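**Q** Okay, so here is query_23.tsv, and as you'll see once you scroll down, it has TSV, C-alpha atoms.
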```
chain	number	residue	atom	x	y	z
A	1	MET	CA	129.22	65.31	216.46
A	2	ARG	CA	132.79	66.44	217.08
A	3	GLY	CA	133.45	66.50	213.30
A	4	GLU	CA	130.35	68.64	212.73
A	5	GLN	CA	131.42	71.05	215.46
A	6	GLY	CA	134.84	71.30	213.86
A	7	ALA	CA	133.33	72.08	210.47
A	8	ALA	CA	131.09	74.74	212.02
A	9	GLY	CA	134.15	76.51	213.33
A	10	ALA	CA	136.03	76.37	210.01
A	11	ARG	CA	136.55	79.36	207.75
A	12	VAL	CA	133.77	80.17	205.31
A	13	LEU	CA	134.68	80.98	201.69
A	14	GLN	CA	132.27	82.79	199.40
A	15	PHE	CA	132.89	82.61	195.64
A	16	THR	CA	131.13	85.54	193.99
A	17	ASN	CA	130.49	86.81	190.47
A	18	CYS	CA	130.23	83.32	189.00
A	19	ARG	CA	127.90	80.95	187.15
A	20	ILE	CA	127.36	77.70	189.04
A	21	LEU	CA	126.41	74.45	187.35
A	22	ARG	CA	123.56	73.12	189.43
A	23	GLY	CA	120.54	71.07	188.37
A	24	GLY	CA	121.63	71.03	184.74
A	25	LYS	CA	121.68	74.84	184.51
A	26	LEU	CA	124.27	77.57	184.87
A	27	LEU	CA	122.96	79.81	187.65
A	28	ARG	CA	124.24	83.22	188.65
A	29	GLU	CA	124.69	82.42	192.31
A	30	ASP	CA	127.50	82.51	194.83
A	31	LEU	CA	129.15	79.32	195.98
A	32	TRP	CA	129.76	78.91	199.71
A	33	VAL	CA	132.33	76.48	201.10
A	34	ARG	CA	133.25	75.41	204.62
A	35	GLY	CA	135.13	72.44	205.97
A	36	GLY	CA	135.71	71.00	202.51
A	37	ARG	CA	132.01	70.90	201.61
A	38	ILE	CA	129.45	73.01	199.78
A	39	LEU	CA	127.55	75.10	202.31
A	40	ASP	CA	123.90	76.21	202.38
A	41	PRO	CA	124.18	79.98	203.00
A	42	GLU	CA	120.67	80.25	204.46
A	43	LYS	CA	121.64	78.06	207.40
A	44	LEU	CA	124.76	80.16	207.83
A	45	PHE	CA	122.78	83.41	207.87
A	46	PHE	CA	119.69	82.48	209.84
A	47	GLU	CA	120.90	79.73	212.17
A	48	GLU	CA	124.49	80.74	212.87
A	49	ARG	CA	124.27	84.48	212.18
A	50	ARG	CA	127.56	84.34	210.29
A	51	VAL	CA	128.97	85.78	207.07
A	52	ALA	CA	131.91	84.75	204.90
A	53	ASP	CA	135.44	84.98	206.26
A	54	GLU	CA	136.78	85.48	202.74
A	55	ARG	CA	135.23	86.43	199.40
A	56	ARG	CA	136.78	85.47	196.06
A	57	ASP	CA	135.64	87.21	192.87
A	58	CYS	CA	135.46	84.71	190.00
A	59	GLY	CA	135.24	87.33	187.27
A	60	GLY	CA	132.05	85.93	185.75
A	61	ARG	CA	133.55	82.50	185.13
A	62	ILE	CA	131.86	79.10	185.28
A	63	LEU	CA	132.12	76.94	188.40
A	64	ALA	CA	131.44	73.28	187.65
A	65	PRO	CA	131.95	70.08	189.64
A	66	GLY	CA	135.44	68.65	189.32
A	67	PHE	CA	135.86	66.27	186.41
A	68	ILE	CA	135.94	62.52	187.04
A	69	ASP	CA	137.85	60.34	184.56
A	70	VAL	CA	136.92	56.67	184.85
A	71	GLN	CA	139.20	55.48	182.05
A	72	ILE	CA	142.76	56.76	181.97
A	73	ASN	CA	145.63	54.39	181.19
A	74	GLY	CA	148.39	56.75	182.29
A	75	GLY	CA	149.98	59.96	181.11
A	76	PHE	CA	153.12	62.10	181.12
A	77	GLY	CA	155.25	59.03	180.45
A	78	VAL	CA	153.61	56.90	183.15
A	79	ASP	CA	151.97	53.61	182.14
A	80	PHE	CA	149.70	52.18	184.85
A	81	SER	CA	149.99	48.72	183.25
A	82	GLN	CA	153.75	48.54	183.71
A	83	ALA	CA	154.90	46.67	186.82
A	84	THR	CA	157.68	49.10	187.67
A	85	GLU	CA	159.34	49.49	191.04
A	86	ASN	CA	157.77	52.93	191.50
A	87	VAL	CA	154.10	52.35	190.67
A	88	CYS	CA	152.95	54.68	193.47
A	89	SER	CA	155.15	57.56	192.36
A	90	GLY	CA	153.90	57.19	188.78
A	91	VAL	CA	150.27	57.37	189.89
A	92	ALA	CA	151.12	60.37	192.06
A	93	LEU	CA	152.71	62.15	189.09
A	94	VAL	CA	149.63	61.65	186.90
A	95	ALA	CA	147.32	62.63	189.78
A	96	ARG	CA	149.22	65.90	190.17
A	97	ARG	CA	149.47	66.74	186.48
A	98	ILE	CA	145.79	66.14	185.64
A	99	LEU	CA	144.76	68.85	188.08
A	100	SER	CA	145.50	71.35	185.30
A	101	HIS	CA	142.86	69.57	183.21
A	102	GLY	CA	140.20	70.06	185.91
A	103	VAL	CA	140.23	66.39	186.95
A	104	THR	CA	139.67	66.03	190.70
A	105	SER	CA	139.08	62.24	190.81
A	106	PHE	CA	140.02	59.35	188.53
A	107	CYS	CA	140.15	55.60	188.06
A	108	PRO	CA	143.64	54.49	186.97
A	109	THR	CA	143.07	51.96	184.20
A	110	LEU	CA	145.04	48.80	183.45
A	111	VAL	CA	144.78	47.21	180.02
A	112	THR	CA	145.11	43.46	179.43
A	113	SER	CA	148.19	42.18	181.25
A	114	PRO	CA	149.59	38.88	182.55
A	115	PRO	CA	148.59	37.87	186.11
A	116	GLU	CA	151.98	38.78	187.57
A	117	VAL	CA	151.45	42.41	186.50
A	118	TYR	CA	148.05	42.61	188.21
A	119	HIS	CA	149.43	40.96	191.34
A	120	LYS	CA	152.18	43.56	191.57
A	121	VAL	CA	150.38	46.70	190.44
A	122	VAL	CA	146.83	46.40	191.84
A	123	PRO	CA	147.81	46.31	195.56
A	124	GLN	CA	150.01	49.40	195.08
A	125	ILE	CA	147.20	51.72	193.91
A	126	PRO	CA	144.79	52.16	196.82
A	127	VAL	CA	141.79	54.44	196.98
A	128	LYS	CA	143.05	57.88	198.04
A	129	SER	CA	141.47	61.25	198.70
A	130	GLY	CA	142.52	64.17	196.52
A	131	GLY	CA	144.23	67.33	197.69
A	132	PRO	CA	147.17	69.62	196.87
A	133	HIS	CA	149.19	66.47	196.08
A	134	GLY	CA	146.84	65.53	193.24
A	135	ALA	CA	143.46	64.21	192.11
A	136	GLY	CA	141.79	61.54	194.23
A	137	VAL	CA	141.96	57.86	193.25
A	138	LEU	CA	138.47	56.31	193.27
A	139	GLY	CA	139.64	52.78	192.53
A	140	LEU	CA	141.10	50.90	189.60
A	141	HIS	CA	139.48	50.18	186.25
A	142	LEU	CA	140.62	46.77	185.00
A	143	GLU	CA	139.97	46.69	181.24
A	144	GLY	CA	140.58	43.07	180.21
A	145	PRO	CA	141.91	40.41	179.96
A	146	PHE	CA	138.44	38.76	179.79
A	147	ILE	CA	137.55	40.24	176.42
A	148	SER	CA	136.97	39.20	172.81
A	149	ARG	CA	139.93	38.28	170.63
A	150	GLU	CA	138.15	39.70	167.59
A	151	LYS	CA	137.64	43.08	169.29
A	152	ARG	CA	140.79	43.27	171.39
A	153	GLY	CA	141.96	46.54	169.82
A	154	ALA	CA	145.33	47.50	171.33
A	155	HIS	CA	145.16	44.71	173.94
A	156	PRO	CA	147.87	42.03	173.50
A	157	GLU	CA	146.33	38.78	172.24
A	158	ALA	CA	148.85	36.63	174.11
A	159	HIS	CA	147.42	37.70	177.48
A	160	LEU	CA	143.68	37.48	176.73
A	161	ARG	CA	141.73	35.02	178.85
A	162	SER	CA	138.33	33.34	178.92
A	163	PHE	CA	136.56	32.15	182.06
A	164	GLU	CA	137.08	28.60	183.25
A	165	ALA	CA	134.36	26.50	184.91
A	166	ASN	CA	135.01	28.10	188.30
A	167	ALA	CA	134.81	31.54	186.72
A	168	PHE	CA	135.01	33.92	189.67
A	169	GLN	CA	137.90	32.04	191.26
A	170	ASP	CA	139.61	32.23	187.86
A	171	LEU	CA	139.15	36.00	187.93
A	172	LEU	CA	140.58	36.24	191.45
A	173	ALA	CA	143.55	34.11	190.42
A	174	THR	CA	144.18	36.53	187.55
A	175	TYR	CA	143.71	39.84	189.37
A	176	GLY	CA	144.47	39.00	192.97
A	177	PRO	CA	142.55	40.82	195.76
A	178	LEU	CA	139.87	43.21	194.52
A	179	ASP	CA	139.96	45.71	197.41
A	180	ASN	CA	141.31	48.51	195.18
A	181	VAL	CA	139.13	47.74	192.13
A	182	ARG	CA	136.15	49.92	191.13
A	183	ILE	CA	135.38	48.91	187.51
A	184	VAL	CA	135.96	45.76	185.46
A	185	THR	CA	135.46	45.72	181.68
A	186	LEU	CA	134.62	42.31	180.19
A	187	ALA	CA	132.94	40.75	177.16
A	188	PRO	CA	129.49	39.42	178.16
A	189	GLU	CA	129.44	36.72	175.48
A	190	LEU	CA	132.23	34.79	177.23
A	191	GLY	CA	131.09	31.61	178.93
A	192	HIS	CA	130.31	31.98	182.67
A	193	SER	CA	130.45	35.81	182.38
A	194	HIS	CA	127.06	36.30	184.06
A	195	GLU	CA	128.24	34.46	187.16
A	196	VAL	CA	131.22	36.82	187.28
A	197	ILE	CA	129.06	39.91	186.75
A	198	ARG	CA	126.82	38.95	189.66
A	199	GLU	CA	129.79	38.28	191.95
A	200	LEU	CA	131.47	41.58	191.07
A	201	THR	CA	128.36	43.73	191.50
A	202	ALA	CA	127.62	42.03	194.83
A	203	ARG	CA	131.01	43.40	195.94
A	204	GLY	CA	130.18	46.94	194.80
A	205	ILE	CA	132.34	46.74	191.68
A	206	CYS	CA	130.92	48.31	188.52
A	207	VAL	CA	130.86	45.95	185.53
A	208	SER	CA	131.33	47.47	182.09
A	209	LEU	CA	130.72	45.81	178.73
A	210	GLY	CA	133.38	46.28	176.09
A	211	HIS	CA	135.87	44.79	173.64
A	212	SER	CA	133.05	42.47	172.69
A	213	VAL	CA	131.16	40.82	169.83
A	214	ALA	CA	128.00	40.48	171.94
A	215	ASP	CA	124.62	40.85	170.29
A	216	LEU	CA	121.88	42.91	171.91
A	217	ARG	CA	120.29	39.98	173.74
A	218	ALA	CA	123.62	39.01	175.35
A	219	ALA	CA	124.16	42.64	176.36
A	220	GLU	CA	120.66	42.91	177.84
A	221	ASP	CA	121.19	39.69	179.80
A	222	ALA	CA	124.42	41.14	181.16
A	223	VAL	CA	122.54	44.22	182.38
A	224	TRP	CA	120.02	41.98	184.14
A	225	SER	CA	123.01	40.32	185.85
A	226	GLY	CA	124.20	43.74	187.05
A	227	ALA	CA	126.28	45.45	184.34
A	228	THR	CA	125.76	49.23	184.24
A	229	PHE	CA	128.42	50.68	181.92
A	230	ILE	CA	129.66	50.43	178.33
A	231	THR	CA	133.37	50.95	177.71
A	232	HIS	CA	134.06	53.47	174.89
A	233	LEU	CA	130.79	53.12	173.00
A	234	PHE	CA	131.12	52.21	169.28
A	235	ASN	CA	134.81	51.30	169.68
A	236	ALA	CA	135.85	47.62	169.91
A	237	MET	CA	132.33	46.23	169.54
A	238	LEU	CA	130.05	45.08	166.74
A	239	PRO	CA	128.91	48.00	164.58
A	240	PHE	CA	125.31	49.10	164.81
A	241	HIS	CA	123.01	47.06	162.52
A	242	HIS	CA	119.29	47.59	162.12
A	243	ARG	CA	118.50	43.89	162.69
A	244	ASP	CA	120.72	43.58	165.75
A	245	PRO	CA	122.25	46.79	167.11
A	246	GLY	CA	124.57	44.90	169.48
A	247	ILE	CA	125.76	46.59	172.67
A	248	VAL	CA	124.93	49.99	171.16
A	249	GLY	CA	121.27	48.99	171.32
A	250	LEU	CA	121.32	49.20	175.12
A	251	LEU	CA	120.93	52.98	174.80
A	252	THR	CA	117.31	52.56	173.68
A	253	SER	CA	116.45	49.00	174.75
A	254	ASP	CA	113.03	48.44	176.33
A	255	ARG	CA	114.16	45.13	177.84
A	256	LEU	CA	116.14	46.46	180.78
A	257	PRO	CA	115.32	46.46	184.51
A	258	ALA	CA	112.89	49.23	185.46
A	259	GLY	CA	114.66	52.38	186.55
A	260	ARG	CA	118.11	51.13	185.47
A	261	CYS	CA	120.26	53.79	183.80
A	262	ILE	CA	122.90	52.45	181.45
A	263	PHE	CA	125.96	54.66	181.25
A	264	TYR	CA	128.33	54.70	178.31
A	265	GLY	CA	131.83	56.09	177.97
A	266	MET	CA	132.77	58.09	174.92
A	267	ILE	CA	136.11	59.44	173.77
A	268	ALA	CA	135.20	62.82	172.29
A	269	ASP	CA	138.41	63.36	170.32
A	270	GLY	CA	136.90	63.29	166.83
A	271	THR	CA	139.06	60.25	165.99
A	272	HIS	CA	137.83	57.36	168.13
A	273	THR	CA	134.26	58.53	167.50
A	274	ASN	CA	132.97	60.69	164.68
A	275	PRO	CA	131.19	63.77	166.09
A	276	ALA	CA	128.01	62.66	164.27
A	277	ALA	CA	128.07	59.34	166.15
A	278	LEU	CA	128.55	61.22	169.41
A	279	ARG	CA	125.50	63.35	168.61
A	280	ILE	CA	123.40	60.27	167.80
A	281	ALA	CA	124.30	58.60	171.11
A	282	HIS	CA	123.73	61.76	173.14
A	283	ARG	CA	120.36	62.49	171.58
A	284	ALA	CA	119.26	58.89	172.12
A	285	HIS	CA	120.34	58.71	175.77
A	286	PRO	CA	121.76	62.01	177.08
A	287	GLN	CA	121.66	61.12	180.78
A	288	GLY	CA	123.99	58.14	180.25
A	289	LEU	CA	126.90	59.92	178.54
A	290	VAL	CA	130.19	59.72	180.43
A	291	LEU	CA	133.11	61.55	178.83
A	292	VAL	CA	136.41	59.70	179.22
A	293	THR	CA	139.90	60.44	177.96
A	294	ASP	CA	141.12	56.83	177.63
A	295	ALA	CA	144.44	58.65	177.89
A	296	ILE	CA	147.60	56.68	177.25
A	297	PRO	CA	151.07	57.28	178.73
A	298	ALA	CA	151.76	59.64	175.82
A	299	LEU	CA	149.37	62.23	177.31
A	300	GLY	CA	151.35	65.43	177.67
A	301	LEU	CA	154.35	64.14	175.69
A	302	GLY	CA	153.34	64.78	172.08
A	303	ASN	CA	154.12	62.63	169.05
A	304	GLY	CA	156.42	59.60	169.05
A	305	ARG	CA	156.66	56.02	170.29
A	306	HIS	CA	155.21	55.25	173.72
A	307	THR	CA	154.11	52.18	175.68
A	308	LEU	CA	150.58	51.00	176.43
A	309	GLY	CA	150.77	48.04	178.77
A	310	GLN	CA	152.72	45.27	177.06
A	311	GLN	CA	152.75	46.98	173.65
A	312	GLU	CA	154.29	49.97	171.91
A	313	VAL	CA	152.11	52.58	170.21
A	314	GLU	CA	152.82	55.41	167.81
A	315	VAL	CA	151.25	58.82	168.49
A	316	ASP	CA	150.91	61.23	165.59
A	317	GLY	CA	148.75	64.19	166.41
A	318	LEU	CA	146.39	64.74	169.34
A	319	THR	CA	143.03	66.46	168.98
A	320	ALA	CA	139.89	66.90	171.07
A	321	TYR	CA	136.34	67.84	170.17
A	322	VAL	CA	133.13	68.63	172.01
A	323	ALA	CA	130.16	68.26	169.70
A	324	GLY	CA	126.44	67.82	169.81
A	325	CYS	CA	125.36	69.01	173.22
A	326	SER	CA	125.11	72.09	175.41
A	327	VAL	CA	127.87	73.30	177.71
A	328	GLU	CA	125.79	72.20	180.69
A	329	SER	CA	125.33	68.69	179.28
A	330	ALA	CA	129.02	68.33	178.44
A	331	LEU	CA	130.05	69.40	181.94
A	332	GLU	CA	127.62	66.97	183.55
A	333	ALA	CA	128.92	64.18	181.31
A	334	ALA	CA	132.39	64.81	182.73
A	335	SER	CA	131.32	65.11	186.36
A	336	LEU	CA	127.80	64.16	187.50
A	337	HIS	CA	127.34	61.13	185.23
A	338	PRO	CA	130.58	59.35	186.18
A	339	ALA	CA	129.74	60.06	189.83
A	340	GLN	CA	126.30	58.49	189.34
A	341	LEU	CA	127.89	55.51	187.60
A	342	LEU	CA	130.06	54.89	190.67
A	343	GLY	CA	127.28	55.64	193.17
A	344	LEU	CA	129.03	58.78	194.42
A	345	GLU	CA	126.51	61.42	193.30
A	346	LYS	CA	125.81	62.59	196.87
A	347	SER	CA	129.41	63.69	197.35
A	348	LYS	CA	131.05	63.99	193.90
A	349	GLY	CA	130.03	65.41	190.55
A	350	THR	CA	127.65	67.97	192.06
A	351	LEU	CA	127.67	71.39	193.70
A	352	ASP	CA	124.61	70.64	195.81
A	353	PHE	CA	124.72	71.54	199.50
A	354	GLY	CA	126.68	69.02	201.55
A	355	ALA	CA	128.72	67.68	198.62
A	356	ASP	CA	132.51	67.69	198.57
A	357	ALA	CA	133.81	71.06	197.44
A	358	ASP	CA	135.64	69.63	194.42
A	359	PHE	CA	135.15	72.05	191.55
A	360	VAL	CA	136.76	73.62	188.53
A	361	VAL	CA	136.78	77.25	187.37
A	362	LEU	CA	136.35	77.63	183.59
A	363	ASP	CA	136.28	80.49	181.11
A	364	ASP	CA	133.64	80.72	178.39
A	365	SER	CA	135.77	78.55	176.09
A	366	LEU	CA	135.86	75.88	178.85
A	367	HIS	CA	139.57	76.36	179.46
A	368	VAL	CA	140.49	75.45	183.02
A	369	GLN	CA	141.45	78.47	185.10
A	370	ALA	CA	141.62	76.86	188.54
A	371	THR	CA	140.94	73.56	190.26
A	372	TYR	CA	139.73	73.12	193.84
A	373	ILE	CA	139.58	69.97	195.97
A	374	SER	CA	137.76	70.07	199.31
A	375	GLY	CA	137.52	73.83	198.88
A	376	GLU	CA	141.29	74.22	198.60
A	377	LEU	CA	142.97	75.72	195.55
A	378	VAL	CA	145.18	72.95	194.13
A	379	TRP	CA	145.98	74.37	190.69
A	380	GLN	CA	145.69	77.72	188.97
A	381	ALA	CA	146.45	78.88	185.44
A	382	GLU	CA	149.24	81.40	185.11
A	383	ALA	CA	146.92	84.01	183.62
A	384	ALA	CA	144.44	83.61	186.49
A	385	ARG	CA	147.14	84.47	189.05
A	386	GLN	CA	147.61	87.96	187.70
```
Could you render the structure as structure tokens?
**A**
Amino acid sequence: MRGEQGAAGARVLQFTNCRILRGGKLLREDLWVRGGRILDPEKLFFEERRVADERRDCGGRILAPGFIDVQINGGFGVDFSQATENVCSGVALVARRILSHGVTSFCPTLVTSPPEVYHKVVPQIPVKSGGPHGAGVLGLHLEGPFISREKRGAHPEAHLRSFEANAFQDLLATYGPLDNVRIVTLAPELGHSHEVIRELTARGICVSLGHSVADLRAAEDAVWSGATFITHLFNAMLPFHHRDPGIVGLLTSDRLPAGRCIFYGMIADGTHTNPAALRIAHRAHPQGLVLVTDAIPALGLGNGRHTLGQQEVEVDGLTAYVAGCSVESALEAASLHPAQLLGLEKSKGTLDFGADADFVVLDDSLHVQATYISGELVWQAEAARQ
């Protein structure tokens, strides 16, 4: 009650002359914010007899929920999979710098590493609310080491693992405590994987299928055990085949639990996934698309040699594409869908009344003009300040 009274006494901001993404449509409505949350103006007018304390003209721009990146390996020279002495400061740097990209929440991602790296890094990256200091941390995404050798991609083969007889205890011995973990990517064809999936989902941890040679039946069985996500669809998995579409077939499978939505991450850079493949996936299952960056430590640094976990990678050219869907669908794939994946759709990824006032201001070309967290301006483009 005291918190509600405090919010009622807080300043009211009214964002005018804008197009709000709400219910899958861009609506010409004002956005009202108080106490860090989206406010229903009718209650303000008719129950409290109040008006806005401050009005901000958005110049006809788009207001969309803040972006949520559930797969980001680092950036700006920071590698989340490196057990450095300043893990926290590295995460803080990335959290601050991604505000300019409209990201208000993210899941720092660790690629396949030896147990000693997990034991040192995982406890140092707790869940943290966003603010002027940077985007919020929703929990870690542990991608590997329980993945396929054949589809390991950039993951170091020397540190890959399979599950032993006491599978979940084996996982705990590898990762350490799971308090800070939100997503685990694993290959469902590994022995004892379904036991692990059930144990993880019982603890509220999202299980994602990836870096795998699983056929469709193995993938469907994993969903029945609790898996809800596919890590970078099409990449590091068996290619689609008409006799057995593999993990990709989950997008249109009729053998899944009733009402279960399968989400799938896609890297829309035109390189990891051809734009035609992105269009096929989106048209088959639009409500499951989750846009991810899968950004590596080279983000923001340009071409050259950079680290990714225990390996070195060469970057030569960085591009990004949005293809095959409407502006509204693309924005929801970067905000609402990842929130739904993590069970946060009541507070994140939406501009519905009562939700956290995390949002991004965009021009018609979808360039970020400003980023807000809890209704507070945390980043603004130079041009927008004039």
**Q** From the list A:Ile72, A:Ile197, A:Cys325, A:Leu209, which residue is nearest Leu140 in chain A when using only C-alpha atoms?
**A**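 Ranked by minimum distance to Leu140 in chain A, first place goes to A:Ile72.
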**Q** Which residues, written as a list in words, have at least one atom at most 10 Å from Gly249 in chain A, with all atoms listed in the file counted and residues fewer than 3 positions away on the same chain left out?
**A**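 Listed by chain and then number, they are Asp215, Leu216, Arg217, Ala219, Glu220, Phe240, His241, His242, Asp244, Pro245, Gly246, Thr252, Ser253 and Asp254 of chain A.
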**Q** Using all atoms listed in the file, which residues of range 21-121 of chain A come within 12 Å of range 346-350 of chain A, and what is the closest atom pair for each, with the distance in Å to one decimal? Give it as a Markdown table, sorted by chain and residue number.
**A**
```
| residue | atom | partner | partner_atom | distance |
| --- | --- | --- | --- | --- |
| A:Leu21 | CA | A:Thr350 | CA | 8.1 |
| A:Arg22 | CA | A:Thr350 | CA | 7.1 |
| A:Gly23 | CA | A:Thr350 | CA | 8.6 |
| A:Gly24 | CA | A:Thr350 | CA | 10.0 |
| A:Lys25 | CA | A:Thr350 | CA | 11.8 |
| A:Gly36 | CA | A:Ser347 | CA | 10.9 |
| A:Arg37 | CA | A:Ser347 | CA | 8.8 |
| A:Ile38 | CA | A:Thr350 | CA | 9.4 |
| A:Leu63 | CA | A:Thr350 | CA | 10.7 |
| A:Ala64 | CA | A:Thr350 | CA | 7.9 |
| A:Pro65 | CA | A:Gly349 | CA | 5.1 |
| A:Gly66 | CA | A:Gly349 | CA | 6.4 |
| A:Phe67 | CA | A:Gly349 | CA | 7.2 |
| A:Ile68 | CA | A:Gly349 | CA | 7.5 |
| A:Asp69 | CA | A:Gly349 | CA | 11.1 |
| A:Val103 | CA | A:Gly349 | CA | 10.9 |
| A:Thr104 | CA | A:Lys348 | CA | 9.4 |
| A:Ser105 | CA | A:Lys348 | CA | 8.8 |
| A:Phe106 | CA | A:Lys348 | CA | 11.4 |
```
**Q** As a list of chain:residue names, please: the residues near range 28-30 of chain A (cut-off 9 Å, all atoms listed in the file, same-chain neighbours under 4 positions excluded).
**A**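 Surrounding residues, per the criterion: A:Gln14, A:Phe15, A:Thr16, A:Asn17, A:Cys18, A:Arg19, A:Ile20, A:Gly60.
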**Q** Around the point (134.7, 44.5, 165.7) (coordinates from the file), which residues reach within 8 Å if we count all atoms listed in the file? Answer as JSON, numbers by chain.
**A** {"A": [150, 151, 212, 213, 235, 236, 237, 238, 239]}
**Q** At what distance in Å, to one decimal, does CA of Ser81 in chain A lie from CA of Leu342 in chain A?
**A**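 Computed distance, CA of Leu342 in chain A to CA of Ser81 in chain A, equals 22.1 Å.
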**Q** Go ahead and compute the interatomic distance for CA of Ile62 in chain A and CA of Leu27 in chain A, in Å to one decimal.
**A** 9.2 Å
**Q** Please report the interatomic distance between CA of His194 in chain A and CA of Tyr264 in chain A in Å with one decimal.
**A**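 Separation between CA of His194 in chain A and CA of Tyr264 in chain A: 19.3 Å.
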